[in-house]
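Report on one structure; see the data block that follows.
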There are 4 protein chains.
Amino acid sequence: MIKAGIIGATGYAGAELVRLLLGHKEVEIRWYGSRSYIDEKYADVYGNMFQIVEDACLDDNIEELARQVDVIFTATPQGYLAGVLNEEILRHAKVIDLSADYRIKDVGVYEKWYQIEHKSPQFIGEAVYGLCEVNREKVRQARLVANPGCYTTCSILTAYPLVKEGLVEPNSLIVDAKSGTSGAGRGAKLPNLFCEVNENMKAYGVATHRHTPEIEEQLGYAAGEAVTISFTPHLAPMNRGILATEYASLKKVRQADGTLAYPDYKQVKAAYDKYYQDEYFVRVLDEGVYPETKWVEGSNFVDIGFKIDTRTGRIVMMGAIDNLVKGAAGQAVQNMNILFGFAENEGLKLVPMFP
Amino acid sequence: MIKAGIIGATGYAGAELVRLLLGHKEVEIRWYGSRSYIDEKYADVYGNMFQIVEDACLDDNIEELARQVDVIFTATPQGYLAGVLNEEILRHAKVIDLSADYRIKDVGVYEKWYQIEHKSPQFIGEAVYGLCEVNREKVRQARLVANPGCYTTCSILTAYPLVKEGLVEPNSLIVDAKSGTSGAGRGAKLPNLFCEVNENMKAYGVATHRHTPEIEEQLGYAAGEAVTISFTPHLAPMNRGILATEYASLKKVRQADGTLAYPDYKQVKAAYDKYYQDEYFVRVLDEGVYPETKWVEGSNFVDIGFKIDTRTGRIVMMGAIDNLVKGAAGQAVQNMNILFGFAENEGLKLVPMFP
Amino acid sequence: MIKAGIIGATGYAGAELVRLLLGHKEVEIRWYGSRSYIDEKYADVYGNMFQIVEDACLDDNIEELARQVDVIFTATPQGYLAGVLNEEILRHAKVIDLSADYRIKDVGVYEKWYQIEHKSPQFIGEAVYGLCEVNREKVRQARLVANPGCYTTCSILTAYPLVKEGLVEPNSLIVDAKSGTSGAGRGAKLPNLFCEVNENMKAYGVATHRHTPEIEEQLGYAAGEAVTISFTPHLAPMNRGILATEYASLKKVRQADGTLAYPDYKQVKAAYDKYYQDEYFVRVLDEGVYPETKWVEGSNFVDIGFKIDTRTGRIVMMGAIDNLVKGAAGQAVQNMNILFGFAENEGLKLVPMFP
Amino acid sequence: MIKAGIIGATGYAGAELVRLLLGHKEVEIRWYGSRSYIDEKYADVYGNMFQIVEDACLDDNIEELARQVDVIFTATPQGYLAGVLNEEILRHAKVIDLSADYRIKDVGVYEKWYQIEHKSPQFIGEAVYGLCEVNREKVRQARLVANPGCYTTCSILTAYPLVKEGLVEPNSLIVDAKSGTSGAGRGAKLPNLFCEVNENMKAYGVATHRHTPEIEEQLGYAAGEAVTISFTPHLAPMNRGILATEYASLKKVRQADGTLAYPDYKQVKAAYDKYYQDEYFVRVLDEGVYPETKWVEGSNFVDIGFKIDTRTGRIVMMGAIDNLVKGAAGQAVQNMNILFGFAENEGLKLVPMFP
């Protein structure tokens with residue numbers, strides 16, 4: 001039994017962490033940190049937790065917290081962790097950061113896209129990008145895990161095998177993503193009001209969204225070269241879920257008969273299987289079946305489908321996750337499981353809820 | 001480890017049973033019965049079950065099923081179980097019926113409200129009405145459990161202590177209930193289409209809904225006399241959840257100083273506590289807090305709040321459940337736990353999902 | 001062609017006024033008042049108005065405004081108009097107030113329920129309660145119209161004929177109302193965020209909602225005596241619409257054969273027809289048909305249905321409106337039409353939008 | 001005053017036609033055709049029409065209909081009109097077909113994508129593709145108008161000026177479209193049930209959707225060469241609205257200083273203005289503003305925004321329409337206005353409804 005603390009426990013991602021950790025048999029939550037609700041009962045902030053969580057919210061004194069727990073989750077705004085992290089904290093506790101502070105290796109790229117000065121770039125080097133299916137071995141050794149963004153988790157995993165295996169032109173990649181509104185957080189902002197979001201679809205952050213460089217960096221490692229992509233997020237009138245529809249030009253590959261041709265279904269499927277067939281959380285759907293966000297709701301699954309379009313020479317890849325689970329809290333717990341040697345799916349064998 | 005079979009596994013309630021039983025460590029599902037999808041993979045009918053359930057759907061041969069399993073859940077249309085049930089089946093397996101066939105003791109009342117002839121009234125006597133918090137001891141001995149309706153579970157539990165304790169006039173009770181659309185089932189009917197339900201509220205079955213006599217019978221037992229109530233169900237544009245808003249005239253009660261007066265907050269709260277303070281699944285909220293369906297989503301909780309209105313001499317009681325969990329599959333599992341001597345909340349310690 | 005000004009043009013009710021007045025051939029909007037958005041283009045605040053409204057927002061200098069226009073609409077928080085109204089303003093322009101400031105004749109009742117001191121009670125006497133179908137003749141002569149609340153319009157009109165004709169016990173009336181979220185306004189508040197409202201139903205303001213005394217006062221006039229009712233508003237996950245489900249005990253009435261009996265369908269229908277058969281905006285539905293909020297969306301209609309329940313001796317009345325139209329801006333325009341002698345449905349012959 | 005008949009008046013597009021024509025001062029609806037509801041009151045099928053439409057539904061005897069009216073709208077399944085159209089009908093009445101039967105000039109392409117034999121290819125030649133902003137002059141002379149599809153209207157108009165002016169590579173075009181569920185029609189099908197669509201996003205018809213060749217044909221005319229594109233429709237949990245997000249590679253163009261460079265904002269804006277600045281229904285939004293489907297709801301507008309991404313050499317174009325208005329019934333009325341010489345926006349000056 002390990003002890004965990006959460007800083008930012010009253011945001012939607014923080015609350016999802018609470019939900020997941022309460023069902024995890026190896027962890028006990030010791031610290032519900034929330035600057036906005038200090039001393040208020042956690043269950044008064046989230047009515048679903050009534051009679052389940054009796055604790056009150058605490059402040060975000062991370063140094064004190066580090067002395068009390070084995071693992072710290074920071075579900076905080078960009079810049080918070082970079083502003084407070086130090087050796088002392090990392091000596092006492094593992095840190096899993098759900099913000100973007102340590103996701104991007106090039107601090108210049110971070111500062112350009114986030115428009116924030118990075119206050120502790122000295123930890124960027126050792127931070128491990130916690131995309132479990134790709135970086136499992138590195139996570140195992142880490143003190144500091146940079147938990148991937150929601151869009152990025154979905155976008156990268158959907159395209160990764162094809163980029164890695166050279167079946168698509170990396171720079172042709174276009175990611176058109178649709179997200180539920182919980183991704184926008186629990187801040188009381190006009191654009192997130194029910195009447196503004198409901199019955200509405202819109203794109204935002206077009207060509208400027210901050211998850212773009214994160215996707216590019218990771219797919220760049222897969223491609224073995226710098227990658228530049230188009231990424232467009234959209235706000236959808238639903239609570240949870242991300243659907244990423246991804247377009248890429250297929251590369252012709254040498255076939256058995258010596259000719260060059262677009263890879264066929266079996267070849268593409270084999271590429272996905274190579275990376276995912278033993279992965280508990282990645283489900284490559286049957287031929288002709290495309291993911292639906294509702295099929296993964298409440299779970300840590302990534303569902304992937306694809307369609308080869310020889311007419312255009314492109315492949316359309318589709319991936320779906322629950323943005324609060326595999327896109328945030330679930331992946332954070334998965335990283336914790338790896339860090340502490342628990343079964344990777346402990347606390348995460350959640351059957352998606354439908355309807 | 002017991003074995004379970006489900007007849008009607010591809011309706012929404014059946015699918016929720018599957019979800020819950022998959023997370024129950026003492027049960028194994030052996031039979032996914034579905035007349036409409038025989039031989040089709042269950043996961044092709046419910047995409048969320050991909051790589052989780054590998055079985056195909058079977059027919060509804062309940063006699064064969066009874067020989068293979070310890071418990072049978074029937075999540076079937078009214079009249080099905082009454083048409084096939086026999087001694088032989090009950091000798092082999094416990095039966096938990098999610099339909100209305102054995103809920104009402106007076107077969108004439110059943111036939112009048114349901115407009116169906118009851119084909120096996122001989123089993124009505126022994127059937128136990130599976131409202132666990134009220135009938136726990138009787139369930140323990142049962143062979144046949146009549147799992148309560150969704151509206152009825154919520155409506156009864158919300159008012160039960162006050163009726164039982166004589167704090168309200170039973171015949172003054174008015175139940176105005178709002179339900180998510182999953183309560184209407186998965187049938188392809190025009191009124192349940194997205195565009196007909198979305199952005200819409202309506203009442204239906206006004207003064208004629210078939211859950212009315214079920215509520216009246218059970219509250220009648222509590223009151224010790226026949227009870228007649230008003231019940232109005234409404235369809236709300238959401239997937240899950242029932243909110244019952246219940247109005248009743250308060251009875252004046254003898255106070256400490258000898259006068260007659262309406263019961264105050266403490267007296268009403270004490271009545272609720274008398275029946276529910278040790279109940280895991282019933283949460284009587286703090287003063288001034290009223291239930292929200294989202295706070296119980298995905299869980300087996302019943303949340304209850306109330307407001308005394310001395311201006312009108314009435315009390316407003318509000319109860320919320322997830323119609324597919326405490327209103328159907330969750331309560332069925334709770335009944336199973338009681339029947340087989342498992343911890344009553346085994347497989348049901350589900351933290352509500354928010355948002 | 002008259003000139004109109006709106007103070008509070010950037011709230012949802014104000015914006016709906018703009019939509020309706022733009023389609024009204026006798027009115028020109030001269031003043032888009034919005035304290036929060038002074039000098040910003042109105043179409044930048046409401047993207048739907050792009051290339052339709054070119055004006056920028058102005059301040060709320062109502063004295064200046066009164067000199068420029070024929071009619072002023074105040075879609076402002078409670079207390080605003082009472083704080084600024086004077087003789088001078090009323091000499092220059094008619095005022096239609098969408099707030100509650102002049103709806104309640106007893107200033108003590110107002111101050112008790114609203115917890116605000118009324119700053120200009122001297123105008124309460126002359127203000128006409130603008131429930132057009134009831135007070136049409138008084139509105140015609142008014143300088144100051146108190147436009148009814150959304151819940152109240154729906155609640156009163158649904159019960160009015162039966163109370164007026166003595167077919168129901170006024171004090172038995174229970175109004176259980178469900179409202180879309182636009183009724184909560186455009187303020188950036190946490191409880192109105194998409195993720196808090198979506199997939200959720202809850203009651204609020206139980207036994208304390210400020211529309212209660214307004215309903216009681218108006219139904220009291222109809223009953224010829226003071227009336228006390230129960231009113232419970234609920235928040236529903238939809239943008240627009242109010243559904244009021246109303247319960248009342250029927251009074252037995254003398255029948256043709258001399259006996260006393262509950263009124264039957266024809267008698268109740270006749271009562272509705274007596275008041276509404278010539279009303280353009282009130283639609284009493286066919287027998288057995290109950291209103292749905294979607295059927296009135298975007299229009300100024302009030303749809304009414306009812307069910308007599310002799311089993312309980314009660315009648316269930318149901319009314320539906322679009323809260324922003326008949327419940328706010330539409331009724332305000334209807335009042336304007338009456339005030340200025342236009343056809344009462346000018347600019348309001350809107351066919352409800354479905355789906 | 002002309003007379004109109006509708007075949008398929010009880011589908012969602014047909015019902016929207018009814019709504020729009022009721023507000024059109026030059027038209028009278030004489031025939032509400034609906035094979036499924038013959039002799040039923042139209043208002044019993046669409047409750048919003050209560051006391052507005054008193055007519056009952058008629059059959060689909062188009063020959064008789066043609067003798068009675070000036071214009072026939074067919075809002076029917078693919079193949080219906082092609083199966084019944086003849087010279088006699090076209091001699092008597094103008095026909096505006098909302099199905100795909102006459103949209104595609106190459107009958108082979110039609111038969112391949114629709115998997116239907118075309119029964120009257122002899123009329124394909126004279127049929128005019130009724131994309132008003134592009135084909136206005138041809139529509140004026142037509143007897144038979146092929147009203148464009150919903151996705152196609154949005155997709156084509158969003159990209160048309162840039163393809164026509166040679167600013168983008170036509171074959172690089174990728175259209176990722178999101179549609180409200182009314183586009184799926186009013187058929188009682190399981191995938192369109194509320195609980196299946198709500199809280200869900202999915203792609204469908206990937207690389208095989210039948211609107212693809214229609215977009216390709218029309219953009220091919222603009223490009224002056226055959227065009228092949230990727231088109232992916234998605235189902236969004238909302239009633240109305242289409243958002244098309246379109247990606248294309250920019251062509252470098254000769255700049256004032258003689259160099260080749262990607263077109264800048266002004267150059268792209270100028271291309272849009274060249275085609276749309278006098279168009280009432282096309283609104284090219286301000287720089288940095290992107291369309292939202294809610295901003296056009298209930299109206300005939302097309303809102304367009306774009307972002308040049310020099311990092312990737314692509315442009316992202318976004319277009320939004322109400323699928324039932326500009327995507328179906330509204331454009332049909334616009335075509336009727338052109339055919340009969342009415343003001344093109346008569347009956348269509350609908351202010352979008354928000355929220």
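Residue names in the structure tokens use chain letters A, B, ... in the order shown, residue numbers from 1 in each chain, and ligand numbers from 1 in the order shown.
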_What's around Ala236 of chain D at 8 Å? Count only C-alpha atoms, leave out sequence neighbours fewer than 3 positions away in its own chain, and write the answer as a list in words._
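My list of contacting residues is Ala236 and Pro237 of chain A; Lys178, Ser179, Gly180, Thr181, Val197, Asn200, Met201 and Lys202 of chain D.
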Selection file, C-alpha atoms, as a JSON list (two decimals), in the first residue's frame:
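Wrote part_37.json, looks like this:
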[["chain", "number", "residue", "atom", "x", "y", "z"],
["A", 236, "ALA", "CA", -18.00, 18.76, -29.17],
["A", 237, "PRO", "CA", -21.20, 18.92, -27.12],
["D", 178, "LYS", "CA", -19.26, 16.89, -38.50],
["D", 179, "SER", "CA", -23.01, 16.71, -38.75],
["D", 180, "GLY", "CA", -25.96, 16.91, -36.42],
["D", 181, "THR", "CA", -28.17, 13.87, -36.31],
["D", 197, "VAL", "CA", -25.83, 9.18, -30.38],
["D", 200, "ASN", "CA", -20.77, 10.07, -28.64],
["D", 201, "MET", "CA", -18.70, 11.00, -31.68],
["D", 202, "LYS", "CA", -17.92, 8.69, -34.56]]
*Could you please select, counting only C-alpha atoms, the residues of chain A within 9 Å of chain B and state them as a PyMOL selection string?*
chain A and resi 12+15-16+19-20+22-23+46-52+182+199+239-240+283+285+291-292+294-298+349-355
Okay, now the selection with C-alpha atoms, as a PDB file, in the first residue's frame?
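The new file part-v5.pdb reads:
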ATOM      1  CA  TYR A  12     -11.899  17.481 -13.631  1.00  0.00           C
ATOM      2  CA  ALA A  15     -11.367  14.415  -9.607  1.00  0.00           C
ATOM      3  CA  GLU A  16     -10.989  11.570 -12.072  1.00  0.00           C
ATOM      4  CA  ARG A  19     -12.252   8.233  -8.668  1.00  0.00           C
ATOM      5  CA  LEU A  20      -9.618   5.884 -10.074  1.00  0.00           C
ATOM      6  CA  LEU A  22     -10.348   4.989  -4.779  1.00  0.00           C
ATOM      7  CA  GLY A  23     -10.749   1.795  -6.776  1.00  0.00           C
ATOM      8  CA  TYR A  46     -17.876  16.996  -5.822  1.00  0.00           C
ATOM      9  CA  GLY A  47     -21.258  15.752  -4.665  1.00  0.00           C
ATOM     10  CA  ASN A  48     -20.628  12.317  -6.171  1.00  0.00           C
ATOM     11  CA  MET A  49     -18.025  11.759  -3.448  1.00  0.00           C
ATOM     12  CA  PHE A  50     -20.497  12.163  -0.576  1.00  0.00           C
ATOM     13  CA  GLN A  51     -19.861   9.495   2.081  1.00  0.00           C
ATOM     14  CA  ILE A  52     -16.995   8.197  -0.048  1.00  0.00           C
ATOM     15  CA  SER A 182     -14.384  18.290 -19.779  1.00  0.00           C
ATOM     16  CA  GLU A 199     -25.940  21.971 -29.897  1.00  0.00           C
ATOM     17  CA  ASN A 239     -18.776  15.588 -21.453  1.00  0.00           C
ATOM     18  CA  ARG A 240     -16.048  13.107 -22.263  1.00  0.00           C
ATOM     19  CA  ARG A 283      -7.841  -2.193 -28.988  1.00  0.00           C
ATOM     20  CA  LEU A 285     -10.910  -2.860 -33.972  1.00  0.00           C
ATOM     21  CA  PRO A 291     -14.132   3.787 -33.005  1.00  0.00           C
ATOM     22  CA  GLU A 292     -16.857   5.627 -31.136  1.00  0.00           C
ATOM     23  CA  LYS A 294     -18.904   6.141 -26.127  1.00  0.00           C
ATOM     24  CA  TRP A 295     -17.312   2.706 -26.422  1.00  0.00           C
ATOM     25  CA  VAL A 296     -14.374   3.787 -24.271  1.00  0.00           C
ATOM     26  CA  GLU A 297     -16.179   6.101 -21.853  1.00  0.00           C
ATOM     27  CA  GLY A 298     -14.981   5.760 -18.299  1.00  0.00           C
ATOM     28  CA  LYS A 349      -9.826  -2.781 -15.551  1.00  0.00           C
ATOM     29  CA  LEU A 350     -12.786  -0.511 -16.032  1.00  0.00           C
ATOM     30  CA  VAL A 351     -15.433  -1.739 -18.429  1.00  0.00           C
ATOM     31  CA  PRO A 352     -16.565   1.189 -20.577  1.00  0.00           C
ATOM     32  CA  MET A 353     -20.003   2.445 -19.620  1.00  0.00           C
ATOM     33  CA  PHE A 354     -22.625   2.313 -22.344  1.00  0.00           C
ATOM     34  CA  PRO A 355     -24.910   4.122 -22.782  1.00  0.00           C
TER      35      PRO A 355
END
*Tell me which of B:Thr153, B:Gln267, B:Gln68, B:Ser34 sits closest to Gly319 of chain B, counting only C-alpha atoms.*
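Among B:Thr153, B:Gln267, B:Gln68, B:Ser34, it is B:Thr153 that comes nearest to Gly319 of chain B.
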_Ranking A:Glu87, A:Glu216, A:Glu28, A:Asp278 by minimum distance to Val163 of chain A and counting only C-alpha atoms, which one comes first?_
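When distances to Val163 of chain A are compared using only C-alpha atoms, the smallest one comes from A:Glu216.
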*Would you kindly return, as a PyMOL selection string, each protein, DNA or RNA residue with an atom no farther than 9 Å from any atom of Glu214 of chain D, considering only C-alpha atoms and excluding same-chain residues fewer than 3 positions away?*
chain D and resi 100+103-104+148-149+152+210-211+217-219
*Give the helix (DSSP H, G or I) residues of segment 52-127 of chain D, as assigned by DSSP on the backbone, as a list in words.*
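Answer for segment 52-127 of chain D, restricted to helix (DSSP H, G or I): Ile62, Glu63, Glu64, Leu65, Ala66, Arg67, Gln68, Tyr80, Leu81, Ala82, Gly83, Val84, Glu87, Glu88, Ile89, Leu90, Arg91, His92, Val107, Gly108, Val109, Tyr110, Glu111, Lys112, Trp113, Tyr114, Pro121, Gln122 and Phe123 of chain D.
Residues with any atom within 7 Å of segment 247-262 of chain B, counting only C-alpha atoms and excluding same-chain neighbours fewer than 5 positions away, are Leu167, Val168, Glu169, Ser172, Leu173, Ile174, Val175, Gly313, Arg314, Ile315, Val316 and Met317 of chain B.
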Selection to disk with all heavy atoms, as a tab-separated table (two decimals), in the first residue's frame:
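Result file is out33.tsv:
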chain	number	residue	atom	x	y	z
B	167	LEU	N	-45.17	10.27	9.20
B	167	LEU	CA	-44.92	11.71	9.20
B	167	LEU	C	-45.65	12.42	8.06
B	167	LEU	O	-45.74	13.65	8.04
B	167	LEU	CB	-43.42	11.99	9.12
B	167	LEU	CG	-42.60	11.52	10.33
B	167	LEU	CD1	-41.13	11.87	10.15
B	167	LEU	CD2	-43.13	12.16	11.62
B	168	VAL	N	-46.10	11.66	7.08
B	168	VAL	CA	-46.83	12.27	5.95
B	168	VAL	C	-48.14	11.53	5.71
B	168	VAL	O	-48.29	10.36	6.09
B	168	VAL	CB	-45.98	12.25	4.65
B	168	VAL	CG1	-44.73	13.10	4.80
B	168	VAL	CG2	-45.62	10.82	4.25
B	169	GLU	N	-49.07	12.23	5.07
B	169	GLU	CA	-50.33	11.61	4.65
B	169	GLU	C	-50.06	10.79	3.40
B	169	GLU	O	-49.77	11.35	2.34
B	169	GLU	CB	-51.36	12.69	4.29
B	169	GLU	CG	-51.71	13.65	5.39
B	169	GLU	CD	-52.70	13.06	6.40
B	169	GLU	OE1	-53.11	11.89	6.22
B	169	GLU	OE2	-53.04	13.77	7.37
B	172	SER	N	-51.63	11.75	0.06
B	172	SER	CA	-51.32	13.07	-0.51
B	172	SER	C	-50.09	13.00	-1.41
B	172	SER	O	-49.73	13.99	-2.04
B	172	SER	CB	-51.04	14.07	0.62
B	172	SER	OG	-49.79	13.79	1.23
B	173	LEU	N	-49.48	11.83	-1.48
B	173	LEU	CA	-48.20	11.73	-2.19
B	173	LEU	C	-48.34	11.92	-3.70
B	173	LEU	O	-49.16	11.29	-4.36
B	173	LEU	CB	-47.55	10.36	-1.92
B	173	LEU	CG	-46.10	10.23	-2.40
B	173	LEU	CD1	-45.17	11.10	-1.57
B	173	LEU	CD2	-45.64	8.79	-2.38
B	174	ILE	N	-47.51	12.80	-4.20
B	174	ILE	CA	-47.42	13.04	-5.64
B	174	ILE	C	-45.96	12.86	-6.03
B	174	ILE	O	-45.08	13.48	-5.44
B	174	ILE	CB	-47.90	14.47	-5.98
B	174	ILE	CG1	-49.42	14.55	-5.81
B	174	ILE	CG2	-47.47	14.86	-7.39
B	174	ILE	CD1	-49.97	15.95	-5.88
B	175	VAL	N	-45.74	11.98	-7.00
B	175	VAL	CA	-44.38	11.70	-7.45
B	175	VAL	C	-44.22	12.22	-8.87
B	175	VAL	O	-44.90	11.74	-9.79
B	175	VAL	CB	-44.06	10.19	-7.41
B	175	VAL	CG1	-42.64	9.94	-7.93
B	175	VAL	CG2	-44.23	9.64	-5.99
B	313	GLY	N	-47.33	23.44	4.40
B	313	GLY	CA	-47.57	22.21	5.17
B	313	GLY	C	-47.13	20.96	4.44
B	313	GLY	O	-47.55	19.86	4.77
B	314	ARG	N	-46.29	21.16	3.46
B	314	ARG	CA	-45.83	20.00	2.70
B	314	ARG	C	-44.34	19.78	2.89
B	314	ARG	O	-43.60	20.67	3.28
B	314	ARG	CB	-46.08	20.20	1.19
B	314	ARG	CG	-47.54	20.25	0.81
B	314	ARG	CD	-47.75	20.16	-0.70
B	314	ARG	NE	-49.15	20.47	-0.98
B	314	ARG	CZ	-49.60	21.65	-1.46
B	314	ARG	NH1	-48.74	22.61	-1.77
B	314	ARG	NH2	-50.89	21.85	-1.64
B	315	ILE	N	-43.93	18.57	2.56
B	315	ILE	CA	-42.51	18.29	2.44
B	315	ILE	C	-42.23	17.95	0.99
B	315	ILE	O	-43.07	17.33	0.32
B	315	ILE	CB	-42.08	17.14	3.38
B	315	ILE	CG1	-40.55	16.98	3.35
B	315	ILE	CG2	-42.75	15.82	3.03
B	315	ILE	CD1	-40.00	16.09	4.46
B	316	VAL	N	-41.10	18.40	0.50
B	316	VAL	CA	-40.65	18.01	-0.83
B	316	VAL	C	-39.46	17.08	-0.63
B	316	VAL	O	-38.45	17.47	-0.04
B	316	VAL	CB	-40.24	19.23	-1.68
B	316	VAL	CG1	-39.92	18.79	-3.10
B	316	VAL	CG2	-41.33	20.28	-1.66
B	317	MET	N	-39.63	15.83	-1.08
B	317	MET	CA	-38.54	14.85	-0.99
B	317	MET	C	-37.99	14.63	-2.39
B	317	MET	O	-38.76	14.59	-3.35
B	317	MET	CB	-39.08	13.51	-0.48
B	317	MET	CG	-39.68	13.59	0.91
B	317	MET	SD	-40.83	12.20	1.23
B	317	MET	CE	-42.32	12.75	0.41
*Have a look at C:Phe340, C:Ala207, C:Leu235, C:Gly305 and name the one nearest to Thr158 of chain C; count only C-alpha atoms.*
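Using only C-alpha atoms, the shortest distance to Thr158 of chain C belongs to C:Gly305.
Atom CA of Val206 of chain A is found 15.4 Å from atom CA of Ala320 of chain D.
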Do a neighbour search on Ile38 of chain A at 8 Å with only C-alpha atoms, toss out local chain neighbours closer than 5 positions, and write the hits as a JSON list (two decimals) with N, CA and C atoms, in the first residue's frame.
[["chain", "number", "residue", "atom", "x", "y", "z"],
["A", 33, "GLY", "N", -5.16, 18.13, -2.54],
["A", 33, "GLY", "CA", -4.72, 19.52, -2.63],
["A", 33, "GLY", "C", -5.61, 20.34, -3.56],
["A", 56, "ALA", "N", -11.04, 16.88, 3.89],
["A", 56, "ALA", "CA", -11.14, 18.25, 3.43],
["A", 56, "ALA", "C", -9.97, 18.55, 2.51],
["A", 57, "CYS", "N", -10.09, 19.59, 1.72],
["A", 57, "CYS", "CA", -9.02, 19.95, 0.81],
["A", 57, "CYS", "C", -7.87, 20.61, 1.56],
["A", 58, "LEU", "N", -6.67, 20.36, 1.08],
["A", 58, "LEU", "CA", -5.47, 20.94, 1.66],
["A", 58, "LEU", "C", -4.84, 21.89, 0.66],
["A", 59, "ASP", "N", -3.82, 22.61, 1.13],
["A", 59, "ASP", "CA", -3.15, 23.55, 0.23],
["A", 59, "ASP", "C", -2.19, 22.80, -0.70]]
*List the neighbours of Ala177 of chain A out to 10 Å using only C-alpha atoms; skip same-chain residues closer than 4 positions along the sequence, and give me the result as a PyMOL selection string.*
(chain A and resi 151-152+154-155+203+231-236+242-246+318-320) or (chain D and resi 176)
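Across A:Thr310, A:Ile2, A:Leu85, A:Val145, the tightest approach to Thr228 of chain D is made by A:Thr310 when counting only C-alpha atoms.
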*asked:* Can you tell me which residues surround Val134 of chain D at a distance of at most 12 Å, considering only C-alpha atoms, apart from same-chain residues fewer than 2 positions away, and format the answer as a list in words?
replied: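 Non-adjacent residues within range: Val128, Tyr129, Gly130, Leu131, Cys132, Arg136, Glu137, Lys138, Val139, Pro148, Thr153, Ile156, Leu157, Tyr160, Pro161, Lys164, Gln218, Leu219, Tyr221, Ala222, Tyr275, Tyr276, Glu279, Val282 and Asn335 of chain D.
In this structure, atom CA of Lys266 of chain D sits 23.1 Å away from atom CA of His209 of chain A.
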